[in-house]
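Asker: The file below is model-v9.cif, mmCIF, C-alpha atoms:
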```cif
data_final
#
loop_
_atom_site.label_atom_id
_atom_site.label_comp_id
_atom_site.auth_asym_id
_atom_site.auth_seq_id
_atom_site.Cartn_x
_atom_site.Cartn_y
_atom_site.Cartn_z
CA MET A 857 -64.43 5.84 35.55
CA GLN A 858 -66.52 3.82 33.12
CA GLU A 859 -69.36 6.31 33.48
CA GLU A 860 -67.01 9.22 32.69
CA LEU A 861 -65.74 7.39 29.59
CA GLU A 862 -69.28 6.76 28.38
CA THR A 863 -70.06 10.46 28.86
CA LEU A 864 -67.03 11.40 26.76
CA LEU A 865 -67.87 8.85 24.07
CA THR A 866 -71.44 10.05 23.86
CA ALA A 867 -70.40 13.70 23.55
CA ALA A 868 -67.57 13.12 21.06
CA PHE A 869 -68.09 13.34 17.33
CA LYS A 870 -66.91 10.45 15.16
CA SER A 871 -63.93 12.47 13.91
CA GLU A 872 -62.91 13.22 17.51
CA ARG A 873 -63.05 9.55 18.48
CA ILE A 874 -60.80 8.74 15.52
CA GLN A 875 -58.36 11.47 16.57
CA ALA A 876 -58.36 10.11 20.11
CA ARG A 877 -57.47 6.60 18.95
CA ARG A 878 -54.59 7.99 16.90
CA LEU A 879 -53.38 10.08 19.83
CA ALA A 880 -53.55 7.09 22.19
CA ALA A 881 -51.49 5.00 19.77
CA LEU A 882 -48.90 7.71 19.16
CA ASP A 883 -48.44 8.79 22.79
CA GLY A 884 -49.06 5.40 24.40
CA ILE A 885 -51.80 6.69 26.66
CA ALA A 886 -55.19 5.27 27.62
CA GLY A 887 -58.08 5.81 25.22
CA ASP A 888 -60.19 7.76 27.71
CA ALA A 889 -57.31 10.10 28.53
CA ALA A 890 -56.70 10.69 24.81
CA LEU A 891 -60.38 11.39 24.18
CA GLN A 892 -60.53 13.80 27.11
CA ARG A 893 -57.53 15.68 25.74
CA ILE A 894 -59.13 15.95 22.29
CA LEU A 895 -62.39 17.23 23.78
CA GLU A 896 -60.58 19.72 26.00
CA GLN A 897 -58.90 21.08 22.88
CA ALA A 898 -62.29 21.35 21.16
CA ALA A 899 -63.77 23.09 24.22
CA GLY A 900 -61.12 25.79 24.29
CA THR A 901 -61.74 28.57 26.78
CA GLN A 902 -65.34 27.49 27.55
CA GLY A 903 -64.06 24.41 29.36
CA LEU A 904 -64.82 20.71 29.02
CA ALA A 905 -67.87 20.74 31.32
CA ALA A 906 -69.56 23.47 29.25
CA LEU A 907 -68.82 21.59 26.02
CA LEU A 908 -70.27 18.36 27.38
CA ALA A 909 -73.41 20.17 28.62
CA ALA A 910 -73.93 21.94 25.30
CA ARG A 911 -73.55 18.74 23.30
CA THR A 912 -75.88 16.83 25.63
CA GLN A 913 -78.51 19.53 25.14
CA ALA A 914 -78.01 19.50 21.38
CA ARG A 915 -78.35 15.72 21.20
CA ALA A 916 -81.54 15.83 23.28
CA ALA A 917 -83.02 18.47 20.97
CA ASP A 918 -82.05 16.42 17.92
CA ALA A 919 -83.67 13.31 19.43
CA GLN A 920 -86.84 15.31 20.10
CA ARG A 921 -86.93 16.55 16.50
CA LYS A 922 -86.52 13.01 15.19
CA ALA A 923 -89.28 11.73 17.48
CA GLN A 924 -91.56 14.54 16.27
CA LYS A 925 -90.85 13.64 12.64
CA ILE A 926 -91.76 10.02 13.34
CA SER A 927 -94.95 11.12 15.10
CA ASP A 928 -95.89 13.45 12.23
CA ARG A 929 -95.27 10.68 9.69
CA GLN A 930 -97.43 8.25 11.66
CA GLN A 931 -100.18 10.87 11.99
CA ALA A 932 -100.02 11.56 8.25
CA GLN A 933 -100.29 7.86 7.47
CA ALA A 934 -103.28 7.59 9.79
CA ALA A 935 -104.89 10.62 8.16
CA ARG A 936 -104.59 9.02 4.72
CA ARG A 937 -106.46 6.01 6.03
CA LEU A 938 -109.40 8.06 7.32
CA PRO A 939 -112.75 6.81 6.03
CA ALA A 940 -114.40 9.07 3.47
CA GLY A 941 -117.70 8.97 5.35
CA PRO A 942 -121.19 8.73 3.88
CA ALA A 943 -122.16 10.81 0.86
CA SER A 944 -124.57 12.81 3.03
CA ALA A 945 -121.85 14.00 5.42
CA TRP A 946 -120.65 17.59 5.54
CA ARG A 947 -116.89 18.18 5.69
CA GLY A 948 -115.02 21.06 7.23
CA TRP A 949 -111.43 22.28 7.53
CA PHE A 950 -110.16 24.94 9.93
CA ASP A 951 -106.91 26.78 10.58
CA GLY A 952 -105.73 29.73 12.63
CA SER A 953 -102.68 31.98 12.34
CA ALA A 954 -100.93 34.33 14.74
CA HIS A 955 -98.56 37.03 13.38
CA PRO A 956 -96.34 37.13 15.35
CA ASN A 957 -96.99 34.42 17.94
CA PRO A 958 -98.57 35.74 20.10
CA GLY A 959 -99.93 38.58 18.00
CA LYS A 960 -102.66 39.40 15.50
CA LEU A 961 -104.97 36.47 14.82
CA GLY A 962 -106.55 35.39 11.56
CA ILE A 963 -108.85 32.40 11.15
CA GLY A 964 -109.90 30.41 8.13
CA ALA A 965 -112.48 27.67 7.69
CA LEU A 966 -114.14 25.86 4.83
CA LEU A 967 -117.39 23.91 5.08
CA LEU A 968 -118.57 21.75 2.17
CA GLY A 969 -121.99 20.15 1.90
CA PRO A 970 -123.02 16.96 0.04
CA ASN A 971 -124.99 18.94 -2.53
CA GLY A 972 -122.27 21.39 -3.48
CA GLU A 973 -122.81 23.80 -0.60
CA ARG A 974 -119.71 25.86 0.20
CA ILE A 975 -119.25 28.15 3.19
CA GLU A 976 -115.99 30.04 3.72
CA VAL A 977 -114.80 31.87 6.82
CA SER A 978 -111.90 34.34 6.72
CA GLU A 979 -111.85 36.74 9.66
CA ALA A 980 -109.60 38.64 12.02
CA ALA A 981 -109.89 37.31 15.56
CA GLY A 982 -108.17 39.81 17.83
CA TYR A 983 -104.91 39.09 19.62
CA GLY A 984 -103.52 35.89 21.12
CA SER A 985 -101.46 32.79 20.51
CA SER A 986 -101.55 30.31 17.65
CA SER A 987 -103.62 27.97 19.84
CA ASP A 988 -106.12 30.79 20.45
CA ALA A 989 -106.34 31.21 16.68
CA GLU A 990 -106.84 27.48 16.06
CA TYR A 991 -109.59 27.31 18.66
CA ALA A 992 -111.27 30.41 17.19
CA ALA A 993 -111.21 28.78 13.74
CA LEU A 994 -112.73 25.57 15.10
CA THR A 995 -115.42 27.59 16.86
CA ALA A 996 -116.17 29.44 13.62
CA VAL A 997 -116.60 26.29 11.53
CA LEU A 998 -118.88 24.76 14.17
CA GLN A 999 -120.99 27.93 14.25
CA ALA A 1000 -121.17 27.82 10.44
CA ALA A 1001 -122.39 24.23 10.63
CA LEU A 1002 -125.07 25.19 13.14
CA GLY A 1003 -126.19 27.93 10.77
CA VAL A 1004 -127.04 25.36 8.11
CA ARG A 1005 -130.73 24.46 8.07
CA PRO A 1006 -131.18 21.68 8.83
CA PRO A 1007 -127.82 21.21 10.61
CA PRO A 1008 -125.58 18.45 9.22
CA ALA A 1009 -126.60 14.95 10.32
CA GLN A 1010 -122.91 14.06 10.19
CA LEU A 1011 -119.93 16.42 10.16
CA LEU A 1012 -116.30 15.49 9.53
CA LEU A 1013 -113.89 18.19 10.70
CA TYR A 1014 -110.16 18.38 10.01
CA GLY A 1015 -107.46 20.64 11.47
CA ASP A 1016 -103.67 20.58 11.71
CA SER A 1017 -103.35 21.62 15.37
CA GLN A 1018 -102.58 18.56 17.48
CA VAL A 1019 -102.74 20.72 20.62
CA VAL A 1020 -106.33 21.82 20.01
CA ILE A 1021 -107.62 18.53 18.65
CA ASN A 1022 -106.09 16.51 21.49
CA ASP A 1023 -107.45 19.04 23.97
CA VAL A 1024 -111.00 18.76 22.60
CA LEU A 1025 -110.89 14.97 22.36
CA GLY A 1026 -109.36 14.64 25.81
CA THR A 1027 -106.52 12.47 24.51
CA ALA A 1028 -103.82 14.58 26.18
CA ALA A 1029 -102.66 13.67 29.68
CA ALA A 1030 -103.99 17.00 30.95
CA GLY A 1031 -106.00 19.79 29.40
CA ALA A 1032 -104.03 22.52 27.63
CA LYS A 1033 -103.38 25.36 30.08
CA GLY A 1034 -104.93 28.71 29.26
CA LEU A 1035 -107.37 27.22 26.74
CA GLU A 1036 -110.09 26.10 29.14
CA ILE A 1037 -112.65 28.73 28.04
CA HIS A 1038 -112.05 27.92 24.38
CA ARG A 1039 -112.53 24.23 25.05
CA ALA A 1040 -115.79 24.83 26.95
CA THR A 1041 -117.13 26.90 24.05
CA VAL A 1042 -116.28 24.20 21.51
CA VAL A 1043 -117.74 21.41 23.67
CA ALA A 1044 -121.00 23.37 24.01
CA LEU A 1045 -121.19 23.76 20.22
CA LEU A 1046 -120.44 20.07 19.66
CA GLU A 1047 -123.32 19.13 21.95
CA GLN A 1048 -125.69 21.01 19.64
CA LEU A 1049 -124.71 18.96 16.59
CA HIS A 1050 -125.71 15.38 15.91
CA ASP A 1051 -122.54 13.53 14.91
CA VAL A 1052 -119.17 15.28 14.68
CA THR A 1053 -115.87 13.55 13.93
CA LEU A 1054 -112.75 15.61 14.64
CA ARG A 1055 -109.48 14.47 13.10
CA TRP A 1056 -105.93 15.78 12.68
CA LEU A 1057 -104.33 16.10 9.26
CA PRO A 1058 -100.88 17.37 8.23
CA ARG A 1059 -100.53 21.07 7.45
CA HIS A 1060 -99.83 20.51 3.75
CA ARG A 1061 -103.27 18.90 3.40
CA ASN A 1062 -105.02 21.83 5.06
CA GLY A 1063 -104.15 24.35 2.37
CA GLU A 1064 -107.56 25.93 1.77
CA ALA A 1065 -108.20 26.72 5.44
CA ASP A 1066 -104.64 28.03 5.77
CA ARG A 1067 -105.17 30.26 2.71
CA LEU A 1068 -108.30 31.73 4.26
CA SER A 1069 -106.55 32.38 7.57
CA GLN A 1070 -103.65 34.09 5.79
CA LEU A 1071 -106.12 36.25 3.84
CA ALA A 1072 -107.60 37.32 7.16
CA ILE A 1073 -104.13 38.27 8.42
CA ALA A 1074 -103.39 40.20 5.22
CA GLY A 1075 -106.59 42.21 5.61
CA TRP A 1076 -106.21 42.64 9.35
CA VAL A 1077 -107.51 46.00 10.56
CA GLU A 1078 -106.58 47.11 14.07
CA GLU A 1079 -109.78 48.34 15.70
CA ASP A 1080 -108.42 48.36 19.22
CA PRO A 1081 -104.79 48.60 20.40
CA PRO A 1082 -103.20 45.40 21.73
CA PRO A 1083 -103.21 44.95 25.49
CA LEU A 1084 -100.29 46.56 27.27
CA ALA A 1085 -97.68 44.22 28.68
CA VAL A 1086 -97.71 44.16 32.45
#
```
Please render this file's structure as structure tokens.
Answerer:
Amino acid sequence: MQEELETLLTAAFKSERIQARRLAALDGIAGDAALQRILEQAAGTQGLAALLAARTQARAADAQRKAQKISDRQQAQAARRLPAGPASAWRGWFDGSAHPNPGKLGIGALLLGPNGERIEVSEAAGYGSSSDAEYAALTAVLQAALGVRPPPAQLLLYGDSQVVINDVLGTAAAGAKGLEIHRATVVALLEQLHDVTLRWLPRHRNGEADRLSQLAIAGWVEEDPPPLAV
């Protein structure tokens, strides 16, 4: 009985709990019975069980959103504390876009050298998911770094995809499914460079790479038709 009451209390809105207390006082009935009656009225034809299930799902989704906001805020704070690195270091930013998701891919990357060097990448990248696009952008900026002669002694790379960055760094509990080939390509490129630091940063601080990826989407030319759905 106590468990049922807790379920009702958790599902009820504040206004419904107030109504239930008033109903209990007016009709001289127990608080849990009054609350159940109020919720049954709110449920209407869908039934109380469906109402409770829907509200439980909604509360879980809301809790997940709040947890994600906290995580994003902590990540942003950590990103602001990132060391600037030595003056001789190269810096790169990458971003990928899928329109829709999955759909047409556009990638953008910016590589800046200590002596004013600037390399931009803005290219179409076929079809796939947003993670495919992010990985393609990371691959492109690494290839651009390898094209510098001599290659950077130290390279600081920033992207806003937690999925890709965690996958490359191996900080996720398990590797991202379906991205194994992308990861192997990136790892092989990393092994060819001397010292690469890969860090996450919030999307609003990755504006130049995002701009380049959106330019690629805007100029997207379909050379081959997308694969047929099976």
Asker: Rounded to one decimal in Å, what is the spacing between CA of Gly964 (chain A) and CA of Ile1021 (chain A)?
Answerer: 16.0 Å
Asker: Evaluate the PyMOL selection byres ((chain A and resi 954-958) around 7) and record the selected residues as JSON, numbers by chain, following the chain and residue labels used in the document.
Answerer: {"A": [952, 953, 959, 960, 961, 962, 984, 985, 986, 989]}
Asker: Determine the residue set returned by the PyMOL selection byres ((chain A and resi 1064) around 10) for the present structure, and present it as a list in words.
Answerer: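 Output from the PyMOL selection byres ((chain A and resi 1064) around 10), applied to this file: Trp949, Phe950, Asp951, Gly964, Ala965, Leu966, Glu976, His1060, Arg1061, Asn1062, Gly1063, Ala1065, Asp1066, Arg1067, Leu1068, Ser1069 and Gln1070 of chain A.
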Asker: Put those residues in a file: C-alpha atoms, as a short mmCIF file (atom, residue, chain, number, x, y, z; two decimals), in the frame of the given file.
Answerer:
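Output saved as selection-v2.cif:
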```
data_model
loop_
_atom_site.label_atom_id
_atom_site.label_comp_id
_atom_site.auth_asym_id
_atom_site.auth_seq_id
_atom_site.Cartn_x
_atom_site.Cartn_y
_atom_site.Cartn_z
CA TRP A 949 -111.43 22.28 7.53
CA PHE A 950 -110.16 24.94 9.93
CA ASP A 951 -106.91 26.78 10.58
CA GLY A 964 -109.90 30.41 8.13
CA ALA A 965 -112.48 27.67 7.69
CA LEU A 966 -114.14 25.86 4.83
CA GLU A 976 -115.99 30.04 3.72
CA HIS A 1060 -99.83 20.51 3.75
CA ARG A 1061 -103.27 18.90 3.40
CA ASN A 1062 -105.02 21.83 5.06
CA GLY A 1063 -104.15 24.35 2.37
CA ALA A 1065 -108.20 26.72 5.44
CA ASP A 1066 -104.64 28.03 5.77
CA ARG A 1067 -105.17 30.26 2.71
CA LEU A 1068 -108.30 31.73 4.26
CA SER A 1069 -106.55 32.38 7.57
CA GLN A 1070 -103.65 34.09 5.79
#
```
Asker: Quick one: which residues end up in the PyMOL selection byres ((chain A and resi 1036-1040) around 8) for this structure, as a VMD selection string?
Answerer: chain A and resid 988 991 to 992 1023 to 1024 1031 to 1035 1041 to 1044
Asker: Name the residues in contact with region 1006-1012 of chain A at a cut-off of 9 Å, using only C-alpha atoms, excluding same-chain residues fewer than 4 positions from it; report them as a list in words.
Answerer: Gly941, Pro942, Ser944, Ala945, Trp946, Arg947, Gly948, Trp949, Gly969, Ala1001, Leu1002, Leu1049, His1050, Asp1051, Val1052, Thr1053, Leu1054 and Arg1055 of chain A
Asker: If you measure from CA of Leu908 (chain A) to CA of Leu882 (chain A), what distance in Å do you get, rounded to one decimal?
Answerer: 25.3 Å
Asker: Smallest atom-to-atom distance to Glu896 (chain A): which of A:Asp883, A:Glu990, A:Asp918, A:Glu872, using only C-alpha atoms?
Answerer: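 Using only C-alpha atoms, the shortest distance to Glu896 (chain A) belongs to A:Glu872.
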Asker: I'd like to know which of A:Ile975, A:Ala980, A:Leu1057, A:Ala867 is closest to Leu904 (chain A), using all atoms listed in the file.
Answerer: A:Ala867
Asker: Would you work out the distance separating CA of Arg911 (chain A) from CA of Ala889 (chain A), expressed in Å to one decimal?
Answerer: 19.1 Å
Asker: Just checking: using only C-alpha atoms, which residue out of A:Gly1015, A:Gly1003, A:Gly884, A:Gly972 ends up closest to Leu1045 (chain A)?
Answerer: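 For Leu1045 (chain A), the nearest of the candidates is A:Gly1003.
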Asker: Between A:Gln902, A:Gln892, A:Gln920, A:Thr912, which is the closest to Arg873 (chain A) once you count all atoms listed in the file?
Answerer: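 Of A:Gln902, A:Gln892, A:Gln920, A:Thr912, the one nearest Arg873 (chain A) is A:Gln892, counting all atoms listed in the file.
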Asker: I want to know what sits within 10 Å of Gly1075 (chain A), based on only C-alpha atoms, with residues of the same chain fewer than 2 positions away left out; could you give that as an mmCIF file with C-alpha atoms, in the coordinates of the input?
Answerer:
```cif
data_model
loop_
_atom_site.group_PDB
_atom_site.id
_atom_site.type_symbol
_atom_site.label_atom_id
_atom_site.label_comp_id
_atom_site.auth_asym_id
_atom_site.auth_seq_id
_atom_site.Cartn_x
_atom_site.Cartn_y
_atom_site.Cartn_z
ATOM 1 C CA GLY A 962 -106.550 35.390 11.560
ATOM 2 C CA SER A 978 -111.900 34.340 6.720
ATOM 3 C CA GLU A 979 -111.850 36.740 9.660
ATOM 4 C CA ALA A 980 -109.600 38.640 12.020
ATOM 5 C CA GLN A 1070 -103.650 34.090 5.790
ATOM 6 C CA LEU A 1071 -106.120 36.250 3.840
ATOM 7 C CA ALA A 1072 -107.600 37.320 7.160
ATOM 8 C CA ILE A 1073 -104.130 38.270 8.420
ATOM 9 C CA VAL A 1077 -107.510 46.000 10.560
ATOM 10 C CA GLU A 1078 -106.580 47.110 14.070
#
```
Asker: Given only C-alpha atoms as the basis, pick out the residue of A:Leu998, A:Ile894, A:Val1020, A:Ala880 nearest to Ala868 (chain A).
Answerer: A:Ile894
Asker: Go through A:Ile885, A:Ile926, A:Ile874, A:Leu891 and flag the residue nearest Glu862 (chain A), using only C-alpha atoms for the distances.
Answerer: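 Between A:Ile885, A:Ile926, A:Ile874, A:Leu891, the residue approaching Glu862 (chain A) most closely is A:Leu891.
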Asker: Please rebuild region 1033-1068 of chain A with N, CA and C atoms and give the result as a CSV table (one decimal), in the frame of the given file.
Answerer:
```csv
chain,number,residue,atom,x,y,z
A,1033,LYS,N,-103.2,24.2,29.2
A,1033,LYS,CA,-103.4,25.4,30.1
A,1033,LYS,C,-103.7,26.6,29.3
A,1034,GLY,N,-104.6,27.4,29.9
A,1034,GLY,CA,-104.9,28.7,29.3
A,1034,GLY,C,-106.0,28.6,28.2
A,1035,LEU,N,-106.4,27.4,27.8
A,1035,LEU,CA,-107.4,27.2,26.7
A,1035,LEU,C,-108.7,26.7,27.3
A,1036,GLU,N,-108.9,26.7,28.6
A,1036,GLU,CA,-110.1,26.1,29.1
A,1036,GLU,C,-111.4,26.7,28.6
A,1037,ILE,N,-111.4,28.1,28.5
A,1037,ILE,CA,-112.6,28.7,28.0
A,1037,ILE,C,-112.9,28.4,26.6
A,1038,HIS,N,-111.9,28.3,25.8
A,1038,HIS,CA,-112.0,27.9,24.4
A,1038,HIS,C,-112.6,26.5,24.3
A,1039,ARG,N,-112.1,25.6,25.1
A,1039,ARG,CA,-112.5,24.2,25.0
A,1039,ARG,C,-114.0,24.1,25.5
A,1040,ALA,N,-114.4,24.9,26.5
A,1040,ALA,CA,-115.8,24.8,27.0
A,1040,ALA,C,-116.7,25.3,25.9
A,1041,THR,N,-116.3,26.4,25.1
A,1041,THR,CA,-117.1,26.9,24.0
A,1041,THR,C,-117.3,25.9,23.0
A,1042,VAL,N,-116.2,25.2,22.6
A,1042,VAL,CA,-116.3,24.2,21.5
A,1042,VAL,C,-117.1,23.0,21.9
A,1043,VAL,N,-117.0,22.6,23.2
A,1043,VAL,CA,-117.7,21.4,23.7
A,1043,VAL,C,-119.2,21.7,23.6
A,1044,ALA,N,-119.6,23.0,24.0
A,1044,ALA,CA,-121.0,23.4,24.0
A,1044,ALA,C,-121.6,23.4,22.6
A,1045,LEU,N,-120.8,23.8,21.6
A,1045,LEU,CA,-121.2,23.8,20.2
A,1045,LEU,C,-121.3,22.3,19.7
A,1046,LEU,N,-120.4,21.5,20.1
A,1046,LEU,CA,-120.4,20.1,19.7
A,1046,LEU,C,-121.7,19.4,20.2
A,1047,GLU,N,-122.1,19.7,21.4
A,1047,GLU,CA,-123.3,19.1,22.0
A,1047,GLU,C,-124.6,19.5,21.2
A,1048,GLN,N,-124.5,20.6,20.4
A,1048,GLN,CA,-125.7,21.0,19.6
A,1048,GLN,C,-125.8,20.3,18.3
A,1049,LEU,N,-124.7,19.6,17.9
A,1049,LEU,CA,-124.7,19.0,16.6
A,1049,LEU,C,-124.9,17.5,16.8
A,1050,HIS,N,-125.4,16.8,15.8
A,1050,HIS,CA,-125.7,15.4,15.9
A,1050,HIS,C,-124.5,14.5,16.0
A,1051,ASP,N,-123.6,14.5,15.0
A,1051,ASP,CA,-122.5,13.5,14.9
A,1051,ASP,C,-121.3,14.2,14.3
A,1052,VAL,N,-120.3,14.6,15.1
A,1052,VAL,CA,-119.2,15.3,14.7
A,1052,VAL,C,-117.9,14.4,14.9
A,1053,THR,N,-117.1,14.3,13.8
A,1053,THR,CA,-115.9,13.6,13.9
A,1053,THR,C,-114.8,14.6,13.7
A,1054,LEU,N,-113.8,14.7,14.7
A,1054,LEU,CA,-112.8,15.6,14.6
A,1054,LEU,C,-111.4,14.9,14.5
A,1055,ARG,N,-110.7,15.2,13.4
A,1055,ARG,CA,-109.5,14.5,13.1
A,1055,ARG,C,-108.4,15.4,12.7
A,1056,TRP,N,-107.1,15.0,13.1
A,1056,TRP,CA,-105.9,15.8,12.7
A,1056,TRP,C,-105.5,15.4,11.3
A,1057,LEU,N,-105.0,16.4,10.5
A,1057,LEU,CA,-104.3,16.1,9.3
A,1057,LEU,C,-103.1,17.0,9.1
A,1058,PRO,N,-102.1,16.6,8.3
A,1058,PRO,CA,-100.9,17.4,8.2
A,1058,PRO,C,-101.2,18.7,7.6
A,1059,ARG,N,-100.3,19.7,7.9
A,1059,ARG,CA,-100.5,21.1,7.4
A,1059,ARG,C,-100.6,21.2,5.9
A,1060,HIS,N,-99.8,20.4,5.2
A,1060,HIS,CA,-99.8,20.5,3.8
A,1060,HIS,C,-101.1,20.0,3.1
A,1061,ARG,N,-102.0,19.3,3.9
A,1061,ARG,CA,-103.3,18.9,3.4
A,1061,ARG,C,-104.4,19.8,3.9
A,1062,ASN,N,-104.0,20.9,4.5
A,1062,ASN,CA,-105.0,21.8,5.1
A,1062,ASN,C,-104.9,23.2,4.4
A,1063,GLY,N,-104.5,23.2,3.1
A,1063,GLY,CA,-104.2,24.4,2.4
A,1063,GLY,C,-105.3,25.4,2.2
A,1064,GLU,N,-106.5,25.0,2.0
A,1064,GLU,CA,-107.6,25.9,1.8
A,1064,GLU,C,-107.9,26.7,3.0
A,1065,ALA,N,-107.9,26.0,4.2
A,1065,ALA,CA,-108.2,26.7,5.4
A,1065,ALA,C,-107.0,27.6,5.8
A,1066,ASP,N,-105.8,27.2,5.5
A,1066,ASP,CA,-104.6,28.0,5.8
A,1066,ASP,C,-104.7,29.3,4.9
A,1067,ARG,N,-105.1,29.1,3.6
A,1067,ARG,CA,-105.2,30.3,2.7
A,1067,ARG,C,-106.2,31.3,3.2
A,1068,LEU,N,-107.3,30.8,3.7
A,1068,LEU,CA,-108.3,31.7,4.3
A,1068,LEU,C,-107.8,32.4,5.5
```
